[in-house]
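Here's model.cif, which has mmCIF, C-alpha atoms:
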data_start
loop_
_atom_site.label_atom_id
_atom_site.label_comp_id
_atom_site.auth_asym_id
_atom_site.auth_seq_id
_atom_site.Cartn_x
_atom_site.Cartn_y
_atom_site.Cartn_z
CA MET A 21 106.36 99.33 68.89
CA ALA A 22 107.63 95.97 70.20
CA LYS A 23 111.29 97.04 70.03
CA ASP A 24 110.63 100.23 72.02
CA PHE A 25 108.75 98.18 74.53
CA LEU A 26 111.61 95.72 75.04
CA ASP A 27 114.01 98.61 75.62
CA ASN A 28 112.13 99.53 78.78
CA GLU A 29 112.04 97.72 82.09
CA CYS A 30 109.74 94.77 81.58
CA LEU A 31 107.88 93.78 84.76
CA LEU A 32 105.70 91.11 83.24
CA HIS A 33 105.38 89.36 79.91
CA TYR A 34 102.96 86.51 79.31
CA LYS A 35 101.79 84.74 76.20
CA GLY A 36 99.27 81.88 76.27
CA PRO A 37 95.74 81.08 77.36
CA PHE A 38 94.05 83.63 79.62
CA CYS A 39 92.07 81.20 81.74
CA ILE A 40 90.80 82.33 85.15
CA HIS A 41 93.71 80.62 86.98
CA ILE A 42 96.24 82.64 84.97
CA LEU A 43 94.26 85.81 85.68
CA VAL A 44 94.47 85.13 89.42
CA THR A 45 98.21 84.41 89.27
CA LEU A 46 99.12 87.45 87.17
CA SER A 47 96.81 89.83 89.01
CA ASN A 48 98.30 88.69 92.33
CA TYR A 49 101.75 89.30 90.89
CA ILE A 50 100.74 92.84 89.93
CA LYS A 51 99.23 93.43 93.37
CA GLU A 52 102.28 92.11 95.22
CA MET A 53 105.23 93.00 93.03
CA VAL A 54 104.58 96.24 91.17
CA ASP A 55 106.26 99.09 93.00
CA ALA A 56 103.91 102.03 92.51
CA ASN A 57 101.62 104.46 94.27
CA ILE A 58 98.52 102.54 95.45
CA VAL A 59 96.16 104.53 93.18
CA VAL A 60 98.36 103.76 90.17
CA LYS A 61 98.70 100.12 91.16
CA ASN A 62 94.90 99.79 91.50
CA ARG A 63 94.52 101.18 87.98
CA ILE A 64 97.10 98.78 86.54
CA TYR A 65 95.38 95.88 88.34
CA LYS A 66 91.92 96.80 87.05
CA ILE A 67 93.09 97.44 83.49
CA PHE A 68 94.98 94.14 83.44
CA LEU A 69 91.85 92.22 84.50
CA GLU A 70 89.66 93.94 81.89
CA VAL A 71 92.22 93.37 79.12
CA ALA A 72 92.85 89.78 80.18
CA GLN A 73 89.15 88.93 80.32
CA ASN A 74 88.65 90.47 76.89
CA ILE A 75 91.37 88.18 75.55
CA ASN A 76 89.82 85.19 77.29
CA TYR A 77 86.33 85.85 75.91
CA TYR A 78 87.04 87.30 72.49
CA SER A 79 90.31 85.84 71.19
CA ALA A 80 89.63 83.80 68.07
CA VAL A 81 92.45 81.46 69.07
CA LYS A 82 91.39 79.16 71.87
CA SER A 83 93.25 76.62 73.97
CA ARG A 84 91.86 73.88 76.20
CA VAL A 85 93.61 74.39 79.55
CA ASP A 86 91.56 72.08 81.75
CA SER A 87 88.14 70.50 82.02
CA THR A 88 86.52 73.93 82.47
CA GLY A 89 86.64 74.56 78.74
CA LEU A 90 88.37 76.71 76.17
CA SER A 91 90.33 79.85 77.02
CA GLY A 92 91.27 82.66 74.66
CA VAL A 93 94.95 82.95 73.78
CA GLY A 94 96.87 86.22 73.60
CA MET A 95 99.78 88.23 74.93
CA PHE A 96 100.14 90.78 77.74
CA SER A 97 103.15 92.83 78.84
CA LEU A 98 103.69 95.42 81.54
CA SER A 99 106.67 97.74 81.58
CA ASP A 100 107.90 100.41 83.97
CA GLU A 101 108.90 103.64 82.25
CA GLU A 102 110.07 106.99 83.54
CA ASP A 103 106.68 108.71 83.79
CA CYS A 104 104.25 105.87 83.37
CA PHE A 105 103.52 102.16 83.33
CA THR A 106 102.76 100.78 79.88
CA MET A 107 100.59 97.77 79.21
CA MET A 108 100.57 96.11 75.84
CA ALA A 109 98.26 93.30 74.78
CA SER A 110 97.43 91.53 71.56
CA ASN A 111 95.30 88.69 70.30
CA ILE A 112 93.62 87.41 67.17
CA ILE A 113 89.99 88.43 66.63
CA THR A 114 87.23 87.66 64.16
CA GLU A 115 85.69 90.19 61.78
CA MET A 116 82.68 90.58 64.08
CA GLN A 117 84.93 91.52 67.00
CA TYR A 118 86.94 93.79 64.73
CA ARG A 119 83.79 95.75 63.87
CA ARG A 120 82.69 95.86 67.51
CA LEU A 121 86.10 97.16 68.62
CA GLU A 122 86.23 99.80 65.88
CA GLU A 123 82.78 100.96 66.99
CA SER A 124 83.88 101.16 70.65
CA MET A 125 87.04 103.07 69.80
CA HIS A 126 85.09 105.43 67.55
CA GLU A 127 82.59 106.13 70.36
CA ILE A 128 85.31 106.95 72.89
CA LYS A 129 87.53 108.99 70.57
CA GLY A 130 87.72 112.66 71.51
CA LEU A 131 85.41 112.38 74.53
CA SER A 132 86.19 114.00 77.87
CA THR A 133 86.22 111.90 81.07
CA VAL A 134 82.76 113.18 82.00
CA GLU A 135 81.44 112.23 78.55
CA ILE A 136 83.00 108.75 78.77
CA ARG A 137 81.37 108.22 82.17
CA LYS A 138 78.01 109.19 80.65
CA LEU A 139 78.62 106.77 77.77
CA ARG A 140 79.38 103.99 80.28
CA SER A 141 76.10 104.70 82.05
CA VAL A 142 74.07 104.69 78.83
CA LYS A 143 75.61 101.44 77.60
CA ARG A 144 75.38 99.72 80.98
CA LEU A 145 71.70 100.56 81.32
CA ARG A 146 71.06 99.12 77.85
CA GLN A 147 72.75 95.81 78.66
CA PRO A 148 70.48 92.88 79.61
CA LEU A 149 71.06 91.75 83.21
CA HIS A 150 71.67 88.12 82.22
CA ASP A 151 74.38 89.01 79.67
CA SER A 152 77.68 87.73 81.09
CA ALA A 153 79.74 90.14 78.98
CA GLY A 154 79.62 93.75 80.07
CA HIS A 155 80.53 95.15 76.61
CA ILE A 156 81.89 98.26 78.30
CA GLY A 157 85.42 96.98 78.91
CA MET A 158 87.05 99.44 76.52
CA ILE A 159 85.15 102.35 78.08
CA GLN A 160 86.29 101.21 81.52
CA ILE A 161 89.90 101.01 80.34
CA ALA A 162 89.63 104.52 78.83
CA LEU A 163 88.40 105.88 82.18
CA LEU A 164 91.11 104.15 84.18
CA THR A 165 94.02 105.13 81.96
CA GLY A 166 93.09 108.79 81.59
CA ASN A 167 95.24 108.69 78.44
CA LYS A 168 94.53 108.04 74.80
CA ILE A 169 94.35 104.32 74.02
CA ASN A 170 96.65 103.37 71.16
CA TYR A 171 95.56 100.40 69.13
CA SER A 172 96.07 98.71 65.80
CA ILE A 173 94.15 96.08 63.88
CA VAL A 174 95.97 94.23 61.11
CA GLU A 175 94.25 91.86 58.70
CA LYS A 176 95.73 88.37 58.81
CA GLY A 177 93.50 86.75 56.17
CA LYS A 178 90.72 84.16 56.40
CA GLY A 179 88.51 86.69 58.22
CA LEU A 180 90.96 87.09 61.10
CA TYR A 181 92.73 90.18 62.44
CA LYS A 182 95.58 90.82 64.86
CA TYR A 183 94.42 93.32 67.47
CA SER A 184 97.00 95.16 69.60
CA ILE A 185 96.42 97.72 72.30
CA VAL A 186 98.79 99.96 74.28
CA VAL A 187 97.53 101.52 77.50
CA MET A 188 99.55 103.86 79.68
CA VAL A 189 98.95 104.71 83.33
CA ASN A 190 100.70 107.84 84.50
CA LYS A 191 102.76 107.77 87.68
CA LEU A 192 101.56 110.18 90.33
CA MET B 19 63.75 82.04 105.80
CA GLU B 20 67.31 80.74 105.40
CA ASN B 21 70.46 82.87 105.40
CA LEU B 22 72.42 83.00 102.15
CA ILE B 23 76.13 82.53 102.71
CA VAL B 24 78.89 82.17 100.13
CA PRO B 25 82.13 81.91 102.13
CA PRO B 26 85.46 83.20 100.79
CA VAL B 27 87.40 80.75 98.63
CA PRO B 28 91.16 81.51 98.82
CA ASP B 29 91.88 79.67 95.54
CA ALA B 30 89.08 81.49 93.75
CA PRO B 31 89.30 85.16 94.76
CA TYR B 32 87.16 86.08 91.74
CA PHE B 33 84.08 85.05 93.75
CA PRO B 34 82.96 87.59 96.36
CA THR B 35 81.94 86.65 99.88
CA ILE B 36 78.20 86.87 100.40
CA MET B 37 76.50 87.06 103.81
CA PHE B 38 72.76 87.67 103.64
CA ASP B 39 71.28 87.36 107.14
CA ALA B 40 67.54 86.79 107.17
CA GLY B 41 67.42 87.35 110.93
CA THR B 42 69.04 90.78 111.10
CA GLY B 43 68.27 91.91 107.52
CA ILE B 44 71.93 92.79 107.00
CA CYS B 45 73.21 91.79 103.56
CA GLU B 46 76.85 92.10 102.63
CA ILE B 47 78.87 91.49 99.46
CA SER B 48 82.62 91.82 99.91
CA GLY B 49 85.93 91.06 98.19
CA GLU B 50 86.39 90.87 94.44
CA SER B 51 84.04 89.84 91.66
CA TYR B 52 85.31 88.80 88.23
CA MET B 53 83.99 85.29 87.70
CA GLU B 54 83.21 83.98 84.22
CA GLU B 55 79.46 83.33 84.54
CA THR B 56 78.42 86.47 86.39
CA TYR B 57 74.63 86.22 86.20
CA LEU B 58 74.71 82.53 87.10
CA PHE B 59 76.56 83.40 90.32
CA TYR B 60 74.32 86.34 91.26
CA ARG B 61 70.97 84.71 90.44
CA ALA B 62 70.64 83.20 93.94
CA PRO B 63 71.34 86.52 95.78
CA LEU B 64 68.87 88.32 93.48
CA ASP B 65 66.19 85.68 94.17
CA TRP B 66 66.94 85.81 97.90
CA LEU B 67 66.22 89.54 97.94
CA ASP B 68 62.80 88.99 96.36
CA SER B 69 61.93 86.43 99.06
CA TYR B 70 63.22 88.70 101.83
CA PHE B 71 61.21 91.68 100.59
CA ALA B 72 58.07 89.58 100.97
CA THR B 73 58.71 89.44 104.75
CA GLY B 74 58.28 93.23 104.97
CA LYS B 75 61.29 93.54 107.31
CA LYS B 76 63.99 96.24 107.17
CA LEU B 77 67.04 95.55 105.03
CA VAL B 78 70.54 97.03 105.18
CA PHE B 79 72.68 96.31 102.15
CA ASN B 80 76.44 96.76 102.54
CA PHE B 81 78.64 96.71 99.46
CA LYS B 82 82.28 96.09 100.39
CA LEU B 83 83.61 95.18 96.96
CA ILE B 84 87.20 96.23 96.35
CA TYR B 85 87.19 95.21 92.69
CA PHE B 86 84.48 94.14 90.25
CA ASN B 87 84.65 93.74 86.49
CA THR B 88 82.32 95.43 84.00
CA SER B 89 80.12 92.36 83.79
CA THR B 90 79.58 92.45 87.57
CA SER B 91 78.85 96.18 87.38
CA ARG B 92 75.73 95.32 85.34
CA VAL B 93 74.57 92.97 88.10
CA VAL B 94 75.31 95.59 90.77
CA LEU B 95 73.01 97.88 88.81
CA GLY B 96 70.37 95.11 88.89
CA ILE B 97 70.68 94.79 92.68
CA LEU B 98 70.40 98.56 93.13
CA ASP B 99 67.35 98.66 90.84
CA LYS B 100 65.72 95.98 92.98
CA LEU B 101 66.51 97.83 96.24
CA LYS B 102 65.23 101.13 94.82
CA GLU B 103 62.02 99.51 93.56
CA HIS B 104 61.35 98.01 97.00
CA LYS B 105 62.03 101.34 98.69
CA ASP B 106 59.69 103.13 96.28
CA LYS B 107 56.96 100.69 97.28
CA GLY B 108 57.43 101.68 100.92
CA GLY B 109 60.09 99.15 101.94
CA ASN B 110 62.64 100.06 104.60
CA VAL B 111 66.04 99.83 102.86
CA ASP B 112 69.43 101.37 103.59
CA VAL B 113 72.27 100.99 101.09
CA ASN B 114 75.87 101.54 102.17
CA TRP B 115 78.97 101.41 99.98
CA TYR B 116 82.27 101.00 101.81
CA TYR B 117 85.14 102.29 99.70
CA ARG B 118 88.88 102.57 100.03
CA LYS B 119 90.22 106.11 100.13
CA ASP B 120 93.01 105.08 97.74
CA ASP B 121 90.52 104.14 95.03
CA PRO B 122 89.01 107.35 93.57
CA ASP B 123 87.86 105.45 90.46
CA MET B 124 85.58 103.30 92.61
CA LEU B 125 84.04 106.39 94.15
CA ASP B 126 83.32 107.82 90.67
CA GLU B 127 81.68 104.59 89.63
CA VAL B 128 79.46 104.41 92.72
CA GLU B 129 78.35 108.00 92.09
CA ASP B 130 77.45 106.91 88.55
CA PHE B 131 75.49 103.97 89.98
CA MET B 132 73.44 106.47 91.99
CA ASP B 133 72.71 108.51 88.84
CA GLU B 134 71.89 105.40 86.82
CA THR B 135 69.46 103.91 89.33
CA GLY B 136 68.24 106.88 91.37
CA CYS B 137 69.09 104.81 94.45
CA ASN B 138 70.58 106.73 97.35
CA ILE B 139 73.83 105.13 98.55
CA ASN B 140 75.65 106.11 101.73
CA LEU B 141 79.36 106.36 100.93
CA ILE B 142 81.48 105.17 103.84
CA PRO B 143 85.31 105.19 103.79
CA MET B 144 86.94 102.04 105.16
#
Please express the file's structure as structure tokens.
Amino acid sequence: MAKDFLDNECLLHYKGPFCIHILVTLSNYIKEMVDANIVVKNRIYKIFLEVAQNINYYSAVKSRVDSTGLSGVGMFSLSDEEDCFTMMASNIITEMQYRRLEESMHEIKGLSTVEIRKLRSVKRLRQPLHDSAGHIGMIQIALLTGNKINYSIVEKGKGLYKYSIVVMVNKL
Amino acid sequence: MENLIVPPVPDAPYFPTIMFDAGTGICEISGESYMEETYLFYRAPLDWLDSYFATGKKLVFNFKLIYFNTSTSRVVLGILDKLKEHKDKGGNVDVNWYYRKDDPDMLDEVEDFMDETGCNINLIPM
């Protein structure tokens, strides 16, 4: 998967802590530099921010960037292909996150767009207002991509797993 | 009653601009919203609405968000629930959502907000 990815035109590749300052810098880069239809660019922008915030909150590997606290560490890449833009991200997760992700992916699998929107509504209504995590990030990504989300989870030992996700946004 | 104003911060675009005017009853949230402690940020606007409703005056709520994360979407739902509840009790409330024509996903989500809360939202292209 990584080799294929490197064969294509890489627009962005970042590995490190996903603190809020990095999110601002990379999302601005996407907004300013990615040459795409505005609808497509909006989707890339929104998916990047959801993926990046998931890494920040849920990566089991943390790094202290500044006095604001610990940030989750991971990797994100964006490449420009003939018919689509491809985003790839990976990070280390705990067993609890592994189970939560598997559950999310299982829920989304095989659903139509209308069904995914209904699922988002059901889950959002169930979420307490004071909960800072939306827990619908994967559903949101599924709606924005319009494509199947490819992912893999590989056991790394000591209760940790390497989680990788590939999301494609079609060009219009 | 005081106005509630959170001005734009160029270095922190993840905080939206908030302008709640107690004099005119016009409340506006604009920009982007993807801060880390979402509820902490929105607690003051939510409390402000409760105080304003007690005045019995008309309220116009304008959403002009161009991006919000999933965590913010839960708070948006909370705001809409509050507005709907006040309206159901006889309050005079108008809710407008300004959206960009090049963002069909936003439009879908606002339609879902209407279904989820039962709150009528006027969709206005900007």
Compute the chain A side of the contact with chain B at 10 Å, counting only C-alpha atoms, and hand it back as a PyMOL selection string. chain A and resi 39-41+43-44+48+57-63+65-67+69-70+73+76-77+137-138+140-160+163-164
My list of candidates is B:Met19, B:Lys102, B:Ile36, B:Pro28. Which is closest to B:Lys75 when distances are computed with only C-alpha atoms? B:Met19
Taking (81.0, 92.7, 97.6) in the file's own coordinates, collect the residues within 8 Å, counting only C-alpha atoms, and hand them back as JSON, numbers by chain. {"B": [34, 35, 36, 46, 47, 48, 49, 50, 51, 80, 81, 82, 83, 84]}
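A straight line drawn from atom CA of A:Gly36 to atom CA of A:Glu175 is 20.8 Å long.
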Target residues per the PyMOL selection byres ((chain B and resi 73) around 12), formatted as a ChimeraX atom specification: /B:19,40-41,43,66-72,74-77,104,109-110
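On the file presented, the PyMOL selection byres ((chain A and resi 103) around 9) picks out Asp100, Glu101, Glu102, Cys104, Phe105, Val189, Asn190, Lys191 and Leu192 of chain A.
Computed from the coordinates, the atom CA of B:Asp65 to atom CA of B:Gly136 distance equals 21.5 Å.
Taking atom CA of A:Thr165 as the reference point, atom CA of A:Ser97 is found at 15.6 Å.
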Contact residues around A:Tyr34 with only C-alpha atoms at 9 Å, ignoring same-chain residues under 4 positions, as a PyMOL selection string: chain A and resi 46+94-97
Check which residues satisfy the PyMOL selection byres ((chain A and resi 132) around 12) in the file shown, then give them as a ChimeraX atom specification. /A:127-131,133-139,159,162-163,166-168
Which neighbours of A:Ile185 fall inside 8 Å, counting only C-alpha atoms, when residues of the same chain fewer than 3 positions from it are skipped, and could you give them as JSON, numbers by chain? {"A": [108, 109, 110, 169, 170, 171, 172]}
Kindly compute an axis-aligned box around the listed atoms of stretch 91-99 of chain A, allowing 4 Å on each side, and express its centre and edge lengths in Å to one decimal as lines of an AutoDock Vina configuration file.
center_x = 98.5
center_y = 88.8
center_z = 77.6
size_x = 24.3
size_y = 25.9
size_z = 16.0
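Neighbouring residues of B:Lys105 at 9 Å or closer, counting only C-alpha atoms and skipping chain neighbours under 6 positions away, are Val111, Asp112 and Cys137 of chain B.
Minimum atom-to-atom distances from B:Val78, B:Phe33, B:Leu141, B:Pro26 to B:Met124 were compared using only C-alpha atoms, and the lowest value belongs to B:Leu141.
Ranking A:Ile161, A:Ile173, A:Ile42, A:Leu180 by their shortest atom-to-atom distance to A:Leu121, with only C-alpha atoms included, puts A:Ile173 first.
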